[in-house]
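Structure below is entry-v5.txt: compact mmCIF, C-alpha atoms.
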# COMPACT_ATOMS: atom_id res chain seq x y z
CA MET A 1 3.45 -14.80 13.01
CA SER A 2 6.23 -17.38 13.31
CA PHE A 3 9.40 -17.34 11.24
CA TRP A 4 7.89 -19.76 8.75
CA ASP A 5 4.62 -17.82 8.57
CA ASP A 6 6.60 -14.64 7.85
CA LEU A 7 8.71 -16.40 5.23
CA TYR A 8 5.81 -17.85 3.29
CA PHE A 9 3.74 -14.68 3.60
CA GLY A 10 6.63 -12.69 2.13
CA LEU A 11 7.12 -15.21 -0.67
CA GLY A 12 3.41 -15.11 -1.45
CA ALA A 13 3.52 -11.31 -1.72
CA GLU A 14 6.47 -11.52 -4.12
CA TYR A 15 4.52 -13.86 -6.38
CA LEU A 16 1.49 -11.56 -6.27
CA VAL A 17 3.76 -8.75 -7.44
CA THR A 18 5.25 -11.03 -10.11
CA GLY A 19 1.78 -11.72 -11.50
CA GLU A 20 0.94 -8.01 -11.60
CA LEU A 21 4.16 -7.30 -13.47
CA PHE A 22 3.33 -9.89 -16.13
CA MET A 23 -0.15 -8.39 -16.52
CA ALA A 24 1.49 -5.00 -17.02
CA GLY A 25 3.53 -6.42 -19.92
CA TYR A 26 6.82 -7.18 -18.19
CA GLU A 27 8.65 -10.40 -17.41
CA ALA A 28 9.55 -10.87 -13.73
CA PHE A 29 11.82 -13.42 -12.11
CA LYS A 30 12.64 -14.19 -8.49
CA LEU A 31 16.34 -14.10 -7.73
CA PRO A 32 17.60 -17.53 -6.63
CA ALA A 33 19.71 -16.09 -3.81
CA ASP A 34 19.27 -13.19 -1.40
CA PHE A 35 21.31 -10.26 -2.69
CA GLY A 36 19.20 -7.66 -0.88
CA LEU A 37 16.73 -7.52 -3.78
CA ASP A 38 13.91 -9.91 -4.63
CA LEU A 39 12.86 -9.63 -8.28
CA VAL A 40 14.44 -8.83 -11.63
CA VAL A 41 12.11 -7.26 -14.18
CA THR A 42 12.70 -7.31 -17.92
CA ALA A 43 10.77 -6.16 -21.00
CA GLN A 44 12.03 -8.54 -23.64
CA LYS A 45 8.71 -8.50 -25.49
CA ASP A 46 9.05 -4.75 -26.03
CA VAL A 47 12.69 -5.14 -27.05
CA SER A 48 11.91 -7.91 -29.54
CA PHE A 49 9.03 -6.00 -31.11
CA ARG A 50 10.54 -2.54 -30.55
CA SER A 51 7.28 -1.49 -28.93
CA ARG A 52 8.42 0.32 -25.81
CA ASP A 53 8.63 4.10 -25.94
CA GLY A 54 9.73 6.47 -23.19
CA GLY A 55 10.60 5.85 -19.57
CA ALA A 56 13.57 4.06 -18.10
CA ARG A 57 14.67 0.88 -19.80
CA PRO A 58 14.62 -2.42 -17.87
CA PRO A 59 16.07 -4.52 -16.37
CA PHE A 60 14.76 -3.22 -13.05
CA VAL A 61 15.45 -4.72 -9.63
CA LEU A 62 12.78 -4.71 -6.94
CA GLN A 63 12.70 -5.25 -3.23
CA VAL A 64 9.24 -6.31 -2.03
CA LYS A 65 8.08 -5.45 1.48
CA SER A 66 4.72 -6.89 2.57
CA ARG A 67 2.49 -6.31 5.56
CA GLN A 68 -0.71 -8.03 6.66
CA ILE A 69 -3.41 -5.73 8.03
CA ARG A 70 -5.70 -7.54 10.43
CA SER A 71 -8.00 -4.79 11.66
CA PHE A 72 -9.30 -1.33 10.83
CA SER A 73 -10.53 1.50 13.03
CA GLU A 74 -12.90 4.34 12.16
CA ASN A 75 -11.35 7.80 11.86
CA SER A 76 -13.01 11.18 12.50
CA MET A 77 -14.36 11.26 8.92
CA GLY A 78 -16.15 7.93 9.26
CA ARG A 79 -13.56 6.08 7.19
CA LEU A 80 -12.03 2.76 8.10
CA GLU A 81 -8.27 3.04 8.19
CA ALA A 82 -5.24 1.06 9.28
CA SER A 83 -1.55 1.83 9.49
CA ALA A 84 1.54 -0.26 8.92
CA ARG A 85 5.29 0.24 8.82
CA VAL A 86 7.87 -1.18 6.47
CA PHE A 87 11.52 -1.34 7.44
CA LEU A 88 14.66 -1.39 5.32
CA LYS A 89 18.00 -2.45 6.71
CA GLU A 90 20.70 0.16 6.25
CA ASP A 91 22.57 -2.01 3.74
CA ASP A 92 19.40 -2.52 1.70
CA TRP A 93 18.60 1.19 1.84
CA GLU A 94 22.02 2.07 0.45
CA LEU A 95 21.74 -0.67 -2.17
CA ILE A 96 18.39 0.61 -3.48
CA THR A 97 19.04 4.35 -3.27
CA GLY A 98 22.39 3.89 -4.98
CA ASP A 99 20.92 2.16 -8.05
CA GLU A 100 18.91 4.17 -10.60
CA ASN A 101 17.16 0.98 -11.75
CA ALA A 102 16.11 -0.12 -8.25
CA TYR A 103 12.63 0.11 -6.73
CA LEU A 104 10.87 -0.60 -3.46
CA VAL A 105 7.44 -2.22 -3.73
CA CYS A 106 5.17 -2.13 -0.67
CA VAL A 107 2.36 -4.68 -0.51
CA LEU A 108 -0.59 -4.48 1.90
CA ILE A 109 -2.79 -7.57 2.26
CA PHE A 110 -6.03 -7.10 4.16
CA THR A 111 -9.73 -7.71 4.45
CA ASP A 112 -12.41 -5.39 5.79
CA ASP A 113 -14.93 -8.17 6.39
CA PRO A 114 -14.21 -11.57 8.01
CA ASN A 115 -17.10 -13.06 6.03
CA ARG A 116 -15.49 -12.38 2.67
CA LEU A 117 -14.24 -15.37 0.69
CA GLN A 118 -10.95 -13.68 -0.16
CA SER A 119 -8.61 -11.11 1.27
CA ARG A 120 -7.88 -7.94 -0.66
CA TRP A 121 -4.50 -6.49 -1.43
CA THR A 122 -2.90 -3.41 -2.88
CA TYR A 123 0.60 -2.18 -3.64
CA PHE A 124 2.62 0.84 -4.63
CA TRP A 125 6.13 1.30 -5.94
CA LEU A 126 8.84 3.84 -5.19
CA HIS A 127 11.90 4.54 -7.31
CA SER A 128 15.28 4.90 -5.62
CA SER A 129 15.09 8.68 -6.16
CA HIS A 130 11.67 8.75 -4.49
CA LEU A 131 13.16 7.19 -1.38
CA SER A 132 15.86 9.85 -1.22
CA GLU A 133 13.22 12.58 -1.61
CA LEU A 134 11.06 11.04 1.09
CA MET A 135 14.03 10.98 3.43
CA GLU A 136 14.61 14.71 2.83
CA ARG A 137 10.94 15.50 3.46
CA GLY A 138 10.75 13.60 6.73
CA TYR A 139 8.69 10.60 5.62
CA VAL A 140 11.54 8.19 6.36
CA SER A 141 12.82 7.84 9.89
CA ALA A 142 16.03 6.15 11.01
CA VAL A 143 15.84 3.81 14.01
CA ASP A 144 18.17 1.32 15.64
CA ASP A 145 17.14 -2.32 15.60
CA ARG A 146 16.78 -3.44 19.23
CA ARG A 147 17.85 -6.97 18.41
CA THR A 148 20.91 -6.27 16.26
CA GLY A 149 21.70 -2.68 17.19
CA ARG A 150 22.04 -1.86 13.49
CA ARG A 151 20.44 1.11 11.76
CA LYS A 152 17.27 0.61 9.72
CA TYR A 153 14.84 2.94 7.97
CA SER A 154 11.11 3.11 8.55
CA LEU A 155 8.24 4.24 6.32
CA LYS A 156 4.75 4.61 7.81
CA ILE A 157 1.78 3.79 5.59
CA VAL A 158 -1.93 4.48 6.11
CA LEU A 159 -4.60 2.61 4.15
CA ARG A 160 -8.02 4.28 3.98
CA LEU A 161 -11.16 2.54 2.77
CA GLN A 162 -14.36 4.14 1.52
CA ALA A 163 -16.39 6.17 3.99
CA THR A 164 -19.19 4.16 5.59
CA MET A 165 -21.95 4.62 8.11
CA LEU A 166 -23.70 2.10 10.34
CA LEU A 167 -26.78 0.59 8.71
CA GLU A 168 -28.50 0.70 12.10
CA ASP A 169 -28.17 4.51 12.21
CA VAL A 170 -29.56 4.87 8.68
CA LEU A 171 -32.55 2.68 9.47
CA ASP A 172 -33.20 4.48 12.76
CA ASP A 173 -33.49 7.74 10.84
CA LEU A 174 -35.90 6.18 8.33
CA VAL A 175 -38.08 4.78 11.11
CA GLY A 176 -38.05 8.15 12.88
CA ASP A 177 -39.18 9.88 9.67
CA GLY A 178 -41.98 7.36 9.16
CA GLN A 179 -40.44 5.98 5.96
CA LEU A 180 -39.77 2.51 7.40
CA THR A 181 -41.58 0.24 9.84
CA GLU A 182 -39.91 -1.45 12.79
CA GLU A 183 -40.59 -4.78 11.11
CA GLY A 184 -38.84 -3.61 7.95
CA ARG A 185 -35.94 -2.30 10.02
CA GLY A 186 -35.47 -5.74 11.58
CA VAL A 187 -35.53 -7.49 8.21
CA LEU A 188 -32.91 -5.16 6.76
CA LEU A 189 -30.65 -5.46 9.80
CA ASP A 190 -30.79 -9.25 9.55
CA ASN A 191 -29.96 -9.36 5.84
CA PHE A 192 -27.48 -6.57 5.10
CA ALA A 193 -23.99 -5.60 6.19
CA GLN A 194 -23.57 -3.67 9.43
CA ALA A 195 -21.98 -0.73 7.57
CA VAL A 196 -22.84 0.76 4.17
CA PRO A 197 -20.94 3.22 1.93
CA THR A 198 -21.98 6.86 2.18
CA ARG A 199 -23.37 8.73 -0.81
CA TRP A 200 -20.59 11.29 -0.96
CA SER A 201 -17.90 10.45 -3.44
CA THR A 202 -14.88 8.86 -1.80
CA ARG A 203 -12.12 6.61 -3.00
CA GLU A 204 -9.90 4.10 -1.27
CA TYR A 205 -6.26 5.08 -1.20
CA VAL A 206 -2.86 4.61 0.39
CA SER A 207 -0.98 7.42 2.11
CA LEU A 208 2.44 8.05 3.59
CA VAL A 209 2.90 9.74 6.94
CA ARG A 210 5.46 12.21 8.27
CA PRO A 211 5.70 14.22 11.50
CA GLY A 212 4.13 17.68 11.41
CA ARG A 213 6.43 20.67 11.21
CA GLY A 214 6.54 23.61 13.57
CA ARG A 215 4.81 23.91 16.93
CA ALA A 216 1.62 22.17 15.82
CA GLY A 217 3.29 18.76 15.77
CA GLY A 218 1.09 15.76 15.07
CA GLU A 219 1.26 13.81 11.84
CA VAL A 220 0.77 14.75 8.21
CA VAL A 221 -0.93 12.14 6.02
CA ARG A 222 -0.54 12.53 2.25
CA MET A 223 -2.05 10.36 -0.49
CA ILE A 224 0.37 8.54 -2.78
CA PRO A 225 0.08 9.54 -6.46
CA ALA A 226 -2.18 7.10 -8.29
CA ALA A 227 0.54 6.55 -10.92
CA LEU A 228 2.59 4.72 -8.29
CA THR A 229 -0.16 2.18 -7.66
CA THR A 230 0.14 0.39 -11.01
CA PHE A 231 3.09 -1.27 -12.72
CA HIS A 232 1.95 0.08 -16.07
CA ASN A 233 3.84 3.24 -15.05
CA LEU A 234 6.94 1.47 -13.76
CA GLY A 235 10.05 3.23 -15.06
CA GLU A 236 8.28 6.53 -15.74
CA ASP A 237 9.32 9.76 -14.05
CA VAL A 238 6.45 10.14 -11.57
CA SER A 239 6.49 13.26 -9.42
CA ILE A 240 5.79 12.97 -5.69
CA ARG A 241 5.27 16.71 -5.14
CA ILE A 242 1.80 15.88 -3.86
CA LEU A 243 3.55 14.59 -0.75
CA ASP A 244 4.93 18.04 0.14
For this file, produce the structure as structure tokens.
Amino acid sequence: MSFWDDLYFGLGAEYLVTGELFMAGYEAFKLPADFGLDLVVTAQKDVSFRSRDGGARPPFVLQVKSRQIRSFSENSMGRLEASARVFLKEDDWELITGDENAYLVCVLIFTDDPNRLQSRWTYFWLHSSHLSELMERGYVSAVDDRRTGRRKYSLKIVLRLQATMLLEDVLDDLVGDGQLTEEGRGVLLDNFAQAVPTRWSTREYVSLVRPGRGRAGGEVVRMIPAALTTFHNLGEDVSIRILD
């Protein structure tokens, strides 16, 4: 994408996040100048009606990082997945991790079918303390920017969709068992999606990735706690032990 494409894509993601925050009962405002953070979040409704109990008290400050996912590949479990990386400049990293009311919000915008009318999107949030923990556990890597030579921090994300199987394979099995005619097979192939969800219970989720420890190497992929995928829990003390 060009500079302008990147700019407007990022702005669009910030407004998507703003809408989600309002639907979660907060007020959210875009900062008029770039101070390393994008949104200020308040809860004036709760203050006025004294209705908020527990959790950290706003105002919160958020940095929004967005990525567009253009394609998926099938993993060994038959699930479509895609990976993306978000980067934080060293100054921004220090700004967020040094503020107990600061958060990073990662937004993934994607579609799994070019024939869909709309793209899909998802997000998750991380408190400043989460970022420090992730650094200690190896989920955050430090790299030098080739263009500027300055240090920045990288977080790798994997998005996994529901497990699917090719409709053609399913129909071939039915024809082989005598449960479907070749004519019926052709009709179904012409009128249904190329892939269909499997019967076994799966869910779509977002994971973080770190290098494997010890001689085995490789990568370790761990699902993000569901509580971090909704702003209704923003400000609460959400454990990320599941990422151990």
### Message
For a quick check of understanding, using only C-alpha atoms, which of A:Gly212, A:Pro58, A:Gly186, A:Gly36 has the smallest distance to Asp244 (chain A)?
### Response
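For Asp244 (chain A), the nearest of the given residues is A:Gly212.
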### Query
At what distance in Å, to one decimal, does CA of Thr230 (chain A) lie from CA of Phe124 (chain A)?
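Computing it gives 6.9 Å between the two atoms.
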Give me, as a PDB file with C-alpha atoms, in the coordinates of the input, all polymer residues having an atom no more than 7 Å from region 135-143 of chain A, counting only C-alpha atoms and skipping those fewer than 2 positions away in the same chain.
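Output file result_19.pdb follows:
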ATOM      1  CA  LEU A 131      13.160   7.190  -1.380  1.00  0.00           C
ATOM      2  CA  SER A 132      15.860   9.850  -1.220  1.00  0.00           C
ATOM      3  CA  GLU A 133      13.220  12.580  -1.610  1.00  0.00           C
ATOM      4  CA  ASP A 145      17.140  -2.320  15.600  1.00  0.00           C
ATOM      5  CA  ARG A 151      20.440   1.110  11.760  1.00  0.00           C
ATOM      6  CA  LYS A 152      17.270   0.610   9.720  1.00  0.00           C
ATOM      7  CA  TYR A 153      14.840   2.940   7.970  1.00  0.00           C
ATOM      8  CA  SER A 154      11.110   3.110   8.550  1.00  0.00           C
ATOM      9  CA  LEU A 155       8.240   4.240   6.320  1.00  0.00           C
ATOM     10  CA  VAL A 209       2.900   9.740   6.940  1.00  0.00           C
ATOM     11  CA  ARG A 210       5.460  12.210   8.270  1.00  0.00           C
ATOM     12  CA  PRO A 211       5.700  14.220  11.500  1.00  0.00           C
TER      13      PRO A 211
END
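For Leu62 (chain A), the non-local neighbours within 8 Å, defined as residues at least 4 positions apart in the same chain or in other chains and counting only C-alpha atoms, are Leu37, Asp38, Leu39, Val40, Val41, Ala102, Tyr103, Leu104 and Val105 of chain A.
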How close does region 180-207 of chain A get to region 75-89 of chain A? List, as CSV, each residue of region 180-207 of chain A within 12 Å, its nearest atom pair and the distance in Å to one decimal, counting only C-alpha atoms.
residue,atom,partner,partner_atom,distance
A:Ala195,CA,A:Leu80,CA,10.6
A:Val196,CA,A:Gly78,CA,11.0
A:Pro197,CA,A:Arg79,CA,9.5
A:Thr198,CA,A:Gly78,CA,9.2
A:Trp200,CA,A:Gly78,CA,11.6
A:Thr202,CA,A:Arg79,CA,9.5
A:Arg203,CA,A:Arg79,CA,10.3
A:Glu204,CA,A:Arg79,CA,9.4
A:Tyr205,CA,A:Glu81,CA,9.8
A:Val206,CA,A:Ser83,CA,9.6
A:Ser207,CA,A:Ser83,CA,9.3
### Message
Quick check, in Å to one decimal: how far apart do CA of Leu126 (chain A) and CA of Gly19 (chain A) lie?
### Response
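Atom-to-atom, CA of Leu126 (chain A) and CA of Gly19 (chain A) are spaced 18.2 Å apart.
Take CA of Asp34 (chain A) and CA of Phe110 (chain A): the distance between them is 26.6 Å.
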### Pick from A:Arg222, A:Leu31, A:Leu180, A:Leu16, whichever lies nearest to Leu134 (chain A) using all atoms listed in the file
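For Leu134 (chain A), the nearest of the candidates is A:Arg222.
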